$ cat input.cif   # mmCIF, C-alpha atoms
data_work
#
loop_
_atom_site.label_atom_id
_atom_site.label_comp_id
_atom_site.auth_asym_id
_atom_site.auth_seq_id
_atom_site.Cartn_x
_atom_site.Cartn_y
_atom_site.Cartn_z
CA MET R 1 -16.07 -5.80 2.47
CA SER R 2 -16.98 -4.24 -0.88
CA VAL R 3 -16.28 -4.97 -4.54
CA HIS R 4 -17.36 -2.43 -7.14
CA LEU R 5 -17.10 -2.49 -10.92
CA GLN R 6 -17.65 0.80 -12.69
CA GLU R 7 -17.42 2.24 -16.20
CA SER R 8 -16.98 5.86 -15.14
CA ALA R 9 -13.72 7.49 -14.00
CA LEU R 10 -12.39 6.24 -10.67
CA ASP R 11 -11.09 8.60 -7.99
CA PRO R 12 -9.30 6.13 -5.69
CA TRP R 13 -8.55 8.58 -2.87
CA GLU R 14 -12.16 9.73 -2.65
CA TRP R 15 -13.27 6.07 -2.56
CA VAL R 16 -10.86 5.25 0.29
CA GLN R 17 -11.84 8.33 2.26
CA ARG R 18 -15.58 7.67 1.88
CA HIS R 19 -15.30 3.94 2.58
CA GLN R 20 -13.36 4.61 5.77
CA ALA R 21 -15.77 7.32 6.92
CA GLU R 22 -18.76 5.02 6.33
CA HIS R 23 -17.26 2.10 8.29
CA THR R 24 -17.51 3.65 11.72
CA ALA R 25 -17.24 0.24 13.43
CA ILE R 26 -13.53 -0.04 12.60
CA GLN R 27 -12.61 3.46 13.81
CA GLY R 28 -10.04 3.31 16.57
CA LYS R 29 -9.53 -0.43 15.80
CA PHE R 30 -7.32 -0.24 12.70
CA GLY R 31 -3.71 0.84 12.98
CA ALA R 32 -2.73 0.14 9.39
CA THR R 33 -4.15 0.89 5.95
CA SER R 34 -2.49 -0.43 2.80
CA VAL R 35 -3.73 0.89 -0.54
CA PHE R 36 -2.73 -0.13 -4.04
CA VAL R 37 -3.76 1.75 -7.17
CA GLY R 38 -3.03 0.49 -10.69
CA THR R 39 -2.94 3.27 -13.27
CA MET R 40 -2.84 3.18 -17.08
CA ARG R 41 0.59 4.13 -18.45
CA ASP R 42 1.06 5.87 -21.81
CA PHE R 43 3.52 3.23 -23.01
CA ASN R 44 3.77 -0.57 -22.85
CA GLN R 45 6.52 -2.83 -24.21
CA GLY R 46 8.19 0.16 -25.86
CA GLN R 47 5.08 1.40 -27.66
CA GLN R 48 3.06 4.57 -27.09
CA VAL R 49 -0.46 3.62 -26.03
CA GLU R 50 -3.20 6.05 -27.00
CA ALA R 51 -6.21 4.42 -25.38
CA MET R 52 -7.40 1.15 -23.90
CA THR R 53 -10.62 -0.82 -23.69
CA LEU R 54 -11.14 -3.13 -20.74
CA GLU R 55 -13.55 -5.97 -21.48
CA HIS R 56 -14.89 -8.06 -18.61
CA TYR R 57 -17.32 -10.83 -17.69
CA PRO R 58 -19.42 -8.93 -15.16
CA ALA R 59 -21.01 -11.68 -13.05
CA MET R 60 -17.84 -13.75 -12.88
CA THR R 61 -15.62 -10.76 -12.13
CA GLN R 62 -17.80 -9.81 -9.19
CA LYS R 63 -17.83 -13.40 -7.88
CA GLN R 64 -14.08 -13.92 -8.30
CA LEU R 65 -13.19 -10.64 -6.61
CA GLU R 66 -15.48 -11.39 -3.67
CA THR R 67 -13.87 -14.83 -3.31
CA ILE R 68 -10.38 -13.30 -3.42
CA CYS R 69 -11.34 -10.73 -0.77
CA ASP R 70 -12.75 -13.50 1.44
CA GLU R 71 -9.52 -15.47 1.12
CA ALA R 72 -7.46 -12.41 2.09
CA ARG R 73 -9.72 -11.64 5.05
CA GLN R 74 -9.56 -15.20 6.35
CA GLN R 75 -5.82 -15.54 5.86
CA TRP R 76 -4.80 -12.26 7.55
CA GLY R 77 -7.78 -11.34 9.69
CA VAL R 78 -8.13 -7.89 8.15
CA LEU R 79 -10.89 -5.61 9.43
CA GLU R 80 -12.14 -4.13 6.16
CA LEU R 81 -11.44 -4.45 2.45
CA LEU R 82 -12.40 -2.44 -0.64
CA VAL R 83 -11.82 -3.27 -4.31
CA VAL R 84 -12.91 -0.98 -7.17
CA HIS R 85 -12.15 -1.86 -10.80
CA ARG R 86 -12.98 0.01 -13.97
CA TYR R 87 -14.09 -1.43 -17.29
CA GLY R 88 -14.79 0.07 -20.71
CA ALA R 89 -12.82 2.93 -22.29
CA ILE R 90 -9.69 3.97 -20.34
CA LYS R 91 -7.24 6.79 -21.09
CA PRO R 92 -3.55 7.04 -20.13
CA ASN R 93 -3.09 8.22 -16.53
CA ASP R 94 -6.55 6.92 -15.55
CA PRO R 95 -6.67 4.78 -12.40
CA ILE R 96 -7.86 1.26 -13.35
CA VAL R 97 -8.00 -0.57 -10.03
CA LEU R 98 -8.03 0.24 -6.32
CA VAL R 99 -7.36 -2.23 -3.49
CA ALA R 100 -7.59 -0.93 0.09
CA VAL R 101 -7.13 -2.97 3.27
CA TRP R 102 -7.63 -1.90 6.90
CA SER R 103 -6.13 -4.02 9.68
CA GLY R 104 -4.67 -3.90 13.17
CA HIS R 105 -1.03 -4.02 12.09
CA ARG R 106 0.97 -3.27 8.95
CA GLU R 107 2.12 -6.82 8.23
CA GLN R 108 -1.46 -7.99 7.69
CA ALA R 109 -2.40 -4.91 5.68
CA PHE R 110 0.55 -5.12 3.25
CA LYS R 111 0.24 -8.89 2.75
CA ALA R 112 -3.52 -8.87 2.23
CA CYS R 113 -3.32 -5.94 -0.20
CA ARG R 114 -0.59 -7.63 -2.21
CA TYR R 115 -2.49 -10.93 -2.18
CA VAL R 116 -5.65 -9.31 -3.58
CA ILE R 117 -3.95 -7.47 -6.46
CA ASP R 118 -1.84 -10.52 -7.40
CA ALA R 119 -4.86 -12.85 -7.34
CA LEU R 120 -6.96 -10.32 -9.24
CA LYS R 121 -4.38 -10.19 -12.03
CA THR R 122 -4.40 -13.96 -12.50
CA ARG R 123 -8.06 -14.81 -11.79
CA ALA R 124 -10.45 -11.89 -12.40
CA PRO R 125 -11.83 -12.08 -15.96
CA PHE R 126 -10.73 -8.75 -17.47
CA TRP R 127 -9.03 -8.31 -20.87
CA LYS R 128 -7.15 -5.24 -21.99
CA GLN R 129 -7.14 -4.14 -25.59
CA GLU R 130 -4.66 -1.35 -26.36
CA GLN R 131 -4.86 1.21 -29.13
CA THR R 132 -1.41 2.11 -30.52
CA SER R 133 -0.25 3.64 -33.81
CA ASP R 134 -0.22 0.03 -35.14
CA GLY R 135 -3.93 -0.37 -34.37
CA ARG R 136 -5.73 -2.32 -31.67
CA HIS R 137 -4.28 -5.40 -30.01
CA TRP R 138 -5.04 -7.59 -27.00
CA VAL R 139 -2.52 -7.30 -24.17
CA GLU R 140 -0.59 -10.50 -23.33
CA GLN R 141 -0.71 -11.79 -19.76
CA GLU R 142 2.28 -10.79 -17.59
CA GLY R 143 4.85 -13.51 -16.83
CA MET P 1 10.61 13.26 -3.20
CA SER P 2 9.08 14.99 -0.17
CA VAL P 3 9.22 14.57 3.59
CA HIS P 4 6.89 16.66 5.74
CA LEU P 5 6.51 16.87 9.51
CA GLN P 6 3.39 18.56 10.80
CA GLU P 7 1.65 19.19 14.10
CA SER P 8 -1.83 19.71 12.66
CA ALA P 9 -4.25 16.95 11.64
CA LEU P 10 -3.17 14.89 8.62
CA ASP P 11 -5.56 14.01 5.79
CA PRO P 12 -3.54 11.32 3.99
CA TRP P 13 -5.82 10.96 0.96
CA GLU P 14 -5.81 14.67 0.26
CA TRP P 15 -1.99 14.67 0.53
CA VAL P 16 -1.68 11.79 -1.95
CA GLN P 17 -4.11 13.37 -4.38
CA ARG P 18 -2.39 16.77 -4.25
CA HIS P 19 1.12 15.36 -4.47
CA GLN P 20 0.19 13.30 -7.52
CA ALA P 21 -1.54 16.23 -9.22
CA GLU P 22 1.48 18.48 -8.63
CA HIS P 23 3.98 15.95 -10.06
CA THR P 24 2.88 16.19 -13.67
CA ALA P 25 6.22 14.76 -14.91
CA ILE P 26 5.29 11.24 -13.72
CA GLN P 27 1.80 11.24 -15.25
CA GLY P 28 1.43 8.42 -17.74
CA LYS P 29 4.73 6.94 -16.44
CA PHE P 30 3.61 5.28 -13.21
CA GLY P 31 1.52 2.13 -13.30
CA ALA P 32 1.55 1.46 -9.55
CA THR P 33 0.95 3.44 -6.38
CA SER P 34 1.40 1.87 -2.95
CA VAL P 35 0.22 3.85 0.07
CA PHE P 36 0.57 3.03 3.74
CA VAL P 37 -1.20 4.96 6.51
CA GLY P 38 -0.54 4.35 10.19
CA THR P 39 -3.44 5.37 12.42
CA MET P 40 -3.73 5.73 16.19
CA ARG P 41 -5.79 2.94 17.75
CA ASP P 42 -7.89 3.41 20.87
CA PHE P 43 -6.24 0.48 22.65
CA ASN P 44 -2.71 -0.88 22.97
CA GLN P 45 -1.52 -3.96 24.86
CA GLY P 46 -4.99 -4.49 26.28
CA GLN P 47 -5.42 -0.95 27.63
CA GLN P 48 -7.77 1.80 26.49
CA VAL P 49 -5.72 4.74 25.22
CA GLU P 50 -7.26 8.18 25.64
CA ALA P 51 -4.66 10.35 23.94
CA MET P 52 -1.05 10.35 22.78
CA THR P 53 1.80 12.81 22.52
CA LEU P 54 4.42 12.25 19.85
CA GLU P 55 7.77 13.82 20.71
CA HIS P 56 10.42 14.11 18.01
CA TYR P 57 13.87 15.52 17.21
CA PRO P 58 12.94 17.76 14.29
CA ALA P 59 16.24 18.21 12.41
CA MET P 60 17.25 14.57 12.81
CA THR P 61 13.81 13.24 11.90
CA GLN P 62 13.83 15.20 8.66
CA LYS P 63 17.37 14.01 7.79
CA GLN P 64 16.68 10.36 8.64
CA LEU P 65 13.46 10.26 6.64
CA GLU P 66 15.15 11.83 3.62
CA THR P 67 17.95 9.26 3.84
CA ILE P 68 15.43 6.41 4.08
CA CYS P 69 13.53 7.74 1.04
CA ASP P 70 16.79 8.00 -0.92
CA GLU P 71 17.65 4.41 -0.06
CA ALA P 72 14.22 3.23 -1.21
CA ARG P 73 14.46 5.22 -4.44
CA GLN P 74 17.91 3.87 -5.27
CA GLN P 75 17.05 0.29 -4.39
CA TRP P 76 13.81 0.06 -6.38
CA GLY P 77 14.00 2.89 -8.88
CA VAL P 78 10.70 4.40 -7.82
CA LEU P 79 9.47 7.52 -9.62
CA GLU P 80 8.16 9.53 -6.70
CA LEU P 81 7.90 9.24 -2.92
CA LEU P 82 6.00 11.13 -0.21
CA VAL P 83 6.27 10.80 3.57
CA VAL P 84 4.17 12.85 5.99
CA HIS P 85 4.44 12.33 9.76
CA ARG P 86 2.62 14.08 12.59
CA TYR P 87 4.01 15.11 15.93
CA GLY P 88 2.50 16.65 19.07
CA ALA P 89 -0.94 15.81 20.46
CA ILE P 90 -2.71 12.91 18.69
CA LYS P 91 -6.20 11.47 19.31
CA PRO P 92 -7.46 7.92 18.66
CA ASN P 93 -8.39 7.37 15.00
CA ASP P 94 -6.01 10.15 13.87
CA PRO P 95 -3.66 9.26 11.01
CA ILE P 96 -0.05 9.48 12.29
CA VAL P 97 2.03 8.65 9.23
CA LEU P 98 1.61 8.46 5.47
CA VAL P 99 4.02 6.77 3.04
CA ALA P 100 3.18 6.91 -0.69
CA VAL P 101 5.27 5.49 -3.53
CA TRP P 102 4.73 5.82 -7.29
CA SER P 103 6.55 3.44 -9.65
CA GLY P 104 6.32 1.64 -12.96
CA HIS P 105 5.26 -1.71 -11.56
CA ARG P 106 3.63 -2.99 -8.37
CA GLU P 107 6.58 -5.03 -7.10
CA GLN P 108 8.73 -1.88 -6.74
CA ALA P 109 5.90 0.14 -5.22
CA PHE P 110 5.01 -2.43 -2.54
CA LYS P 111 8.62 -3.16 -1.60
CA ALA P 112 9.69 0.49 -1.42
CA CYS P 113 6.62 1.46 0.63
CA ARG P 114 7.21 -1.39 3.08
CA TYR P 115 10.90 -0.54 3.29
CA VAL P 116 10.21 3.10 4.17
CA ILE P 117 7.69 2.37 6.93
CA ASP P 118 9.85 -0.39 8.45
CA ALA P 119 12.99 1.80 8.41
CA LEU P 120 11.04 4.76 9.79
CA LYS P 121 9.89 2.69 12.75
CA THR P 122 13.44 1.68 13.69
CA ARG P 123 15.39 4.83 12.76
CA ALA P 124 13.28 8.02 12.78
CA PRO P 125 13.55 9.74 16.19
CA PHE P 126 9.92 9.84 17.37
CA TRP P 127 8.70 8.78 20.82
CA LYS P 128 5.09 8.01 21.70
CA GLN P 129 3.72 8.78 25.14
CA GLU P 130 0.26 7.33 25.78
CA GLN P 131 -2.38 8.61 28.18
CA THR P 132 -4.39 5.77 29.76
CA SER P 133 -6.50 5.52 32.91
CA ASP P 134 -3.21 4.61 34.69
CA GLY P 135 -1.64 7.91 33.64
CA ARG P 136 1.00 8.73 31.05
CA HIS P 137 3.65 6.26 29.94
CA TRP P 138 6.22 5.97 27.15
CA VAL P 139 5.45 3.31 24.56
CA GLU P 140 7.98 0.43 24.32
CA GLN P 141 9.57 -0.27 20.94
CA GLU P 142 7.94 -3.09 18.93
CA GLY P 143 9.79 -6.40 18.77
CA MET X 1 35.77 22.72 22.92
CA SER X 2 32.10 23.60 23.21
CA ILE X 3 29.15 21.40 22.24
CA THR X 4 25.38 21.30 22.62
CA VAL X 5 23.76 18.23 24.23
CA LEU X 6 20.08 17.35 23.71
CA TYR X 7 17.95 14.80 25.62
CA PHE X 8 14.64 13.36 24.44
CA ALA X 9 11.60 11.48 25.75
CA ALA X 10 12.03 9.32 28.90
CA ILE X 11 15.70 10.36 29.21
CA ARG X 12 14.77 14.04 29.05
CA GLU X 13 12.09 13.48 31.70
CA ARG X 14 14.36 11.51 34.02
CA LEU X 15 17.19 14.05 33.79
CA GLY X 16 14.79 16.99 34.11
CA GLN X 17 16.45 18.87 31.24
CA ASP X 18 16.18 18.88 27.47
CA ARG X 19 19.34 20.74 26.48
CA ARG X 20 22.66 22.01 27.77
CA GLU X 21 25.83 23.64 26.51
CA LEU X 22 29.00 21.83 27.59
CA GLU X 23 32.73 22.60 27.67
CA LEU X 24 34.85 19.48 27.10
CA PRO X 25 38.48 18.50 26.38
CA ALA X 26 39.12 18.07 22.64
CA SER X 27 38.19 14.68 21.09
CA ALA X 28 35.89 13.46 23.84
CA THR X 29 33.78 10.38 22.98
CA ILE X 30 30.00 10.00 23.09
CA ALA X 31 30.33 7.97 26.32
CA GLU X 32 32.39 10.79 27.86
CA VAL X 33 29.85 13.40 26.77
CA TRP X 34 27.16 11.36 28.53
CA THR X 35 29.14 11.07 31.76
CA GLN X 36 30.25 14.70 31.76
CA SER X 37 26.80 16.06 30.98
CA THR X 38 24.70 13.82 33.26
CA GLY X 39 27.14 12.86 36.04
CA GLU X 40 26.06 9.21 35.44
CA PRO X 41 28.22 6.33 34.18
CA TRP X 42 27.60 5.40 30.51
CA ASN X 43 25.49 2.27 30.56
CA GLY X 44 24.91 1.92 26.81
CA GLN X 45 21.14 2.12 27.19
CA ALA X 46 20.69 5.40 25.34
CA LEU X 47 20.86 5.84 21.58
CA ALA X 48 23.11 8.70 20.53
CA ALA X 49 23.52 11.03 17.58
CA ILE X 50 26.16 13.53 16.47
CA ASN X 51 24.83 16.29 14.23
CA GLN X 52 21.59 14.34 13.62
CA GLU X 53 23.32 11.12 12.53
CA TYR X 54 23.40 7.97 14.67
CA ALA X 55 26.67 7.59 16.62
CA LYS X 56 28.33 4.88 18.75
CA ALA X 57 29.73 5.13 22.27
CA GLY X 58 33.32 5.46 21.05
CA ASP X 59 32.68 8.06 18.32
CA ARG X 60 34.49 11.37 18.95
CA VAL X 61 32.78 14.73 18.94
CA ALA X 62 34.20 18.01 17.59
CA ASP X 63 33.86 21.63 18.58
CA GLY X 64 30.40 22.99 17.77
CA ASP X 65 28.77 19.53 17.44
CA GLU X 66 25.17 18.83 18.43
CA VAL X 67 25.04 15.60 20.44
CA ALA X 68 21.73 13.92 21.33
CA PHE X 69 20.74 11.07 23.68
CA PHE X 70 17.40 9.28 23.46
CA PRO X 71 15.61 5.94 24.04
CA PRO X 72 14.67 3.46 21.27
CA VAL X 73 12.35 5.19 18.80
CA THR X 74 8.61 4.46 18.58
CA GLY X 75 7.29 6.47 15.63
CA GLY X 76 5.13 5.44 12.66
CA MET M 1 -30.20 -30.23 -22.17
CA SER M 2 -29.94 -26.55 -22.92
CA ILE M 3 -27.05 -24.26 -21.94
CA THR M 4 -25.77 -20.75 -22.66
CA VAL M 5 -22.22 -20.32 -24.01
CA LEU M 6 -20.32 -17.01 -23.75
CA TYR M 7 -17.08 -15.98 -25.49
CA PHE M 8 -14.82 -13.10 -24.47
CA ALA M 9 -12.00 -10.91 -25.80
CA ALA M 10 -9.79 -12.35 -28.60
CA ILE M 11 -11.85 -15.57 -28.69
CA ARG M 12 -15.08 -13.61 -29.09
CA GLU M 13 -13.50 -11.57 -31.89
CA ARG M 14 -12.11 -14.58 -33.73
CA LEU M 15 -15.39 -16.51 -33.55
CA GLY M 16 -17.41 -13.42 -34.45
CA GLN M 17 -19.97 -14.09 -31.71
CA ASP M 18 -20.26 -13.33 -27.99
CA ARG M 19 -23.07 -15.69 -26.96
CA ARG M 20 -25.14 -18.61 -28.10
CA GLU M 21 -27.75 -21.00 -26.76
CA LEU M 22 -26.88 -24.66 -27.29
CA GLU M 23 -28.75 -27.98 -27.12
CA LEU M 24 -26.49 -30.84 -25.96
CA PRO M 25 -26.73 -34.47 -24.78
CA ALA M 26 -26.84 -34.73 -20.97
CA SER M 27 -23.48 -34.65 -19.09
CA ALA M 28 -21.39 -33.15 -21.91
CA THR M 29 -17.90 -31.94 -20.85
CA ILE M 30 -16.39 -28.48 -21.27
CA ALA M 31 -14.29 -29.77 -24.18
CA GLU M 32 -17.43 -31.13 -25.85
CA VAL M 33 -19.25 -27.82 -25.34
CA TRP M 34 -16.34 -26.07 -27.07
CA THR M 35 -16.34 -28.45 -30.03
CA GLN M 36 -20.13 -28.45 -30.39
CA SER M 37 -20.45 -24.69 -30.11
CA THR M 38 -17.47 -23.64 -32.29
CA GLY M 39 -17.02 -26.57 -34.69
CA GLU M 40 -13.31 -26.55 -33.71
CA PRO M 41 -11.36 -29.26 -31.90
CA TRP M 42 -10.63 -28.49 -28.23
CA ASN M 43 -6.99 -27.39 -28.07
CA GLY M 44 -6.85 -26.48 -24.38
CA GLN M 45 -5.85 -22.90 -25.11
CA ALA M 46 -9.01 -21.25 -23.77
CA LEU M 47 -9.83 -20.81 -20.11
CA ALA M 48 -13.32 -22.01 -19.24
CA ALA M 49 -15.93 -21.34 -16.57
CA ILE M 50 -19.19 -22.99 -15.55
CA ASN M 51 -21.63 -20.64 -13.82
CA GLN M 52 -18.86 -18.05 -13.25
CA GLU M 53 -16.43 -20.50 -11.62
CA TYR M 54 -13.27 -21.75 -13.33
CA ALA M 55 -13.72 -25.21 -14.89
CA LYS M 56 -11.46 -27.84 -16.48
CA ALA M 57 -11.78 -29.54 -19.88
CA GLY M 58 -13.29 -32.69 -18.37
CA ASP M 59 -15.81 -30.98 -16.07
CA ARG M 60 -19.43 -31.83 -16.92
CA VAL M 61 -22.12 -29.24 -17.50
CA ALA M 62 -25.76 -29.45 -16.45
CA ASP M 63 -29.01 -28.21 -17.91
CA GLY M 64 -29.32 -24.41 -17.61
CA ASP M 65 -25.60 -23.83 -17.00
CA GLU M 66 -23.76 -20.76 -18.23
CA VAL M 67 -20.46 -21.81 -19.82
CA ALA M 68 -17.78 -19.28 -20.81
CA PHE M 69 -14.57 -19.46 -22.85
CA PHE M 70 -11.89 -16.78 -22.73
CA PRO M 71 -8.12 -16.10 -23.05
CA PRO M 72 -5.74 -15.59 -20.09
CA VAL M 73 -6.92 -12.58 -18.08
CA THR M 74 -5.13 -9.21 -18.10
CA GLY M 75 -6.90 -6.98 -15.58
CA GLY M 76 -5.57 -4.89 -12.75
#

$ encode --input "input.cif" --output "structure tokens"
Amino acid sequence: MSVHLQESALDPWEWVQRHQAEHTAIQGKFGATSVFVGTMRDFNQGQQVEAMTLEHYPAMTQKQLETICDEARQQWGVLELLVVHRYGAIKPNDPIVLVAVWSGHREQAFKACRYVIDALKTRAPFWKQEQTSDGRHWVEQEG
Amino acid sequence: MSVHLQESALDPWEWVQRHQAEHTAIQGKFGATSVFVGTMRDFNQGQQVEAMTLEHYPAMTQKQLETICDEARQQWGVLELLVVHRYGAIKPNDPIVLVAVWSGHREQAFKACRYVIDALKTRAPFWKQEQTSDGRHWVEQEG
Amino acid sequence: MSITVLYFAAIRERLGQDRRELELPASATIAEVWTQSTGEPWNGQALAAINQEYAKAGDRVADGDEVAFFPPVTGG
Amino acid sequence: MSITVLYFAAIRERLGQDRRELELPASATIAEVWTQSTGEPWNGQALAAINQEYAKAGDRVADGDEVAFFPPVTGG
């Protein structure tokens, strides 16, 4: 189970491939992998977005994400879990977050993956500031 | 929207990466990617599985998968969809199927991805034959 | 009329054939195609397709159709 | 007792500071830390954490704690 925060560009598919290759103990045991990637769009609420800065509270983010992953693992008995989240300067079309879950069957994988991204969005201390033609503004939390 | 059937080994992460890179029209438009990969396990119903052969009905498989993808696209308005499925001789730990969905928001992506893999499992004409120490036998459909 | 009949997986193995061409009276049903092509009564256990679309026992086939019989699917 | 207070995002910007060390009477609450450290009444709008775990307005802080105030989160 791994949680990584990084400032540099994130290649989600390379992360998933490497994580899976490194976890030889689950090979032949997992039948299902569910992966979610959140990517920066070039528009939000009808406005063109030129760039974004993602502020975070490093120690708390790490702790919260590890807790969320633990909850998902206990609730669905998944075999392996990977979360990678960027911070700092982000450009449109950049991947922001990766959640990957390996489990025996697809029900567990889908539910655990969805649980982690939903919990991350309400509990992990990140804050997006968008740069539009109107200037910089903090993004409001989703309903 | 693409559906591919192939006999050779399937690298799902390379497929996703390439498909996304080739579909430049959706760049900056999608905020969510949901990917499911089904992988061959080395045991099933308590028995060690040595190898598997996946028989299929090529023309019908292609048609059914395209219909399923269309249904998912219409129901959730996803931006792009990719399905890749293997057939022929499969070894434990080999990826068998990839479903990838790109959409504006995560709700659509998760639901469409789940819809496609569930519909594929009940409607796409594939049949698994497992090789165990007891010999070869056809796999029973999941409940 | 003339149709092509395909068999897959356990049904193909049991029948010992994967394909045959068949001459039939016009407007035969799926159940009749099964009986004519296999010599067995239709027991409703097989799934069927006409021209790569799922079909029911009473659906009628037309000249040149491709009919297929197979067990429940187990892909993915 | 002595604690560290952190501010993030829009709250950090509005207050014009991201961190301060604070001396407080023993067993002060989160709301009291806010008022003491910002000079503003506690209005319940900020989320709060003690030692990187979410905390409520009435939760008490201890010597050496790290307290943080921030707006609703928007990651992912």

$ interface_residues --input "input.cif" --of "chain R" --to "chain P" --cutoff "10 Å" --atoms "all atoms listed in the file" --output "tab-separated table (two decimals) with C-alpha atoms, in the frame of the given file"
chain	number	residue	atom	x	y	z
R	11	ASP	CA	-11.09	8.60	-7.99
R	12	PRO	CA	-9.30	6.13	-5.69
R	13	TRP	CA	-8.55	8.58	-2.87
R	14	GLU	CA	-12.16	9.73	-2.65
R	15	TRP	CA	-13.27	6.07	-2.56
R	16	VAL	CA	-10.86	5.25	0.29
R	17	GLN	CA	-11.84	8.33	2.26
R	26	ILE	CA	-13.53	-0.04	12.60
R	27	GLN	CA	-12.61	3.46	13.81
R	28	GLY	CA	-10.04	3.31	16.57
R	29	LYS	CA	-9.53	-0.43	15.80
R	30	PHE	CA	-7.32	-0.24	12.70
R	31	GLY	CA	-3.71	0.84	12.98
R	32	ALA	CA	-2.73	0.14	9.39
R	33	THR	CA	-4.15	0.89	5.95
R	34	SER	CA	-2.49	-0.43	2.80
R	35	VAL	CA	-3.73	0.89	-0.54
R	36	PHE	CA	-2.73	-0.13	-4.04
R	37	VAL	CA	-3.76	1.75	-7.17
R	38	GLY	CA	-3.03	0.49	-10.69
R	39	THR	CA	-2.94	3.27	-13.27
R	40	MET	CA	-2.84	3.18	-17.08
R	41	ARG	CA	0.59	4.13	-18.45
R	42	ASP	CA	1.06	5.87	-21.81
R	43	PHE	CA	3.52	3.23	-23.01
R	44	ASN	CA	3.77	-0.57	-22.85
R	49	VAL	CA	-0.46	3.62	-26.03
R	91	LYS	CA	-7.24	6.79	-21.09
R	92	PRO	CA	-3.55	7.04	-20.13
R	93	ASN	CA	-3.09	8.22	-16.53
R	94	ASP	CA	-6.55	6.92	-15.55
R	95	PRO	CA	-6.67	4.78	-12.40
R	96	ILE	CA	-7.86	1.26	-13.35
R	97	VAL	CA	-8.00	-0.57	-10.03
R	98	LEU	CA	-8.03	0.24	-6.32
R	99	VAL	CA	-7.36	-2.23	-3.49
R	100	ALA	CA	-7.59	-0.93	0.09
R	101	VAL	CA	-7.13	-2.97	3.27
R	102	TRP	CA	-7.63	-1.90	6.90
R	104	GLY	CA	-4.67	-3.90	13.17
R	105	HIS	CA	-1.03	-4.02	12.09
R	106	ARG	CA	0.97	-3.27	8.95
R	107	GLU	CA	2.12	-6.82	8.23
R	109	ALA	CA	-2.40	-4.91	5.68
R	110	PHE	CA	0.55	-5.12	3.25
R	111	LYS	CA	0.24	-8.89	2.75
R	113	CYS	CA	-3.32	-5.94	-0.20
R	114	ARG	CA	-0.59	-7.63	-2.21
R	117	ILE	CA	-3.95	-7.47	-6.46
R	118	ASP	CA	-1.84	-10.52	-7.40

$ residues_around --input "input.cif" --residues "stretch 22-30 of chain X" --least-positions-apart "4" --cutoff "7 Å" --atoms "only C-alpha atoms" --output "PyMOL selection string"
chain X and resi 1-4+34+56-62

$ resolve_selection --input "input.cif" --expression "the PyMOL selection byres ((chain R and resi 129) around 12)" --output "ChimeraX atom specification"
/R:44,49-56,87-91,126-128,130-132,135-141 /M:8-10,13,73-75

$ residues_around --input "input.cif" --residues "M:Tyr7" --least-positions-apart "5" --cutoff "8 Å" --atoms "only C-alpha atoms" --output "count of residues only"
7

$ residues_around --input "input.cif" --residues "P:Thr67" --least-positions-apart "6" --cutoff "10 Å" --atoms "all atoms listed in the file" --output "list in words"
Thr61, Arg73 and Val116 of chain P

$ atom_distance --input "input.cif" --atom1 "atom CA of P:Arg123" --atom2 "atom CA of P:Gln64"
7.0 Å

$ atom_distance --input "input.cif" --atom1 "atom CA of M:Ala49" --atom2 "atom CA of M:Val67"
5.6 Å

$ residues_around --input "input.cif" --residues "R:Gln75" --least-positions-apart "5" --cutoff "10 Å" --atoms "all atoms listed in the file" --output "ChimeraX atom specification"
/R:69-70,108,111-112,115

$ closest_residue --input "input.cif" --among "P:Ala119, P:Gln62, P:Asp134, P:His4" --to "X:Glu53" --atoms "all atoms listed in the file"
P:Gln62

$ atom_distance --input "input.cif" --atom1 "atom CA of P:Ala25" --atom2 "atom CA of R:Gln48"
16.2 Å

$ resolve_selection --input "input.cif" --expression "the PyMOL selection byres ((chain X and resi 38) around 12)" --output "list in words"
Val5, Leu6, Tyr7, Ile11, Arg12, Arg14, Leu15, Gly16, Gln17, Asp18, Arg19, Arg20, Glu21, Leu22, Ala31, Glu32, Val33, Trp34, Thr35, Gln36, Ser37, Gly39, Glu40, Pro41, Trp42, Asn43 and Phe69 of chain X

$ axis_aligned_box --input "input.cif" --around "stretch 57-75 of chain X" --padding-each-side "6 Å" --output "AutoDock Vina command-line options"
--center_x 20.9 --center_y 13.2 --center_z 19.8 --size_x 39.2 --size_y 31.5 --size_z 20.4

$ residues_near_point --input "input.cif" --point "(23.5, 14.3, 13.3)" --cutoff "9 Å" --atoms "all atoms listed in the file" --output "ChimeraX atom specification"
/P:59-60,63 /X:49-55,65-68
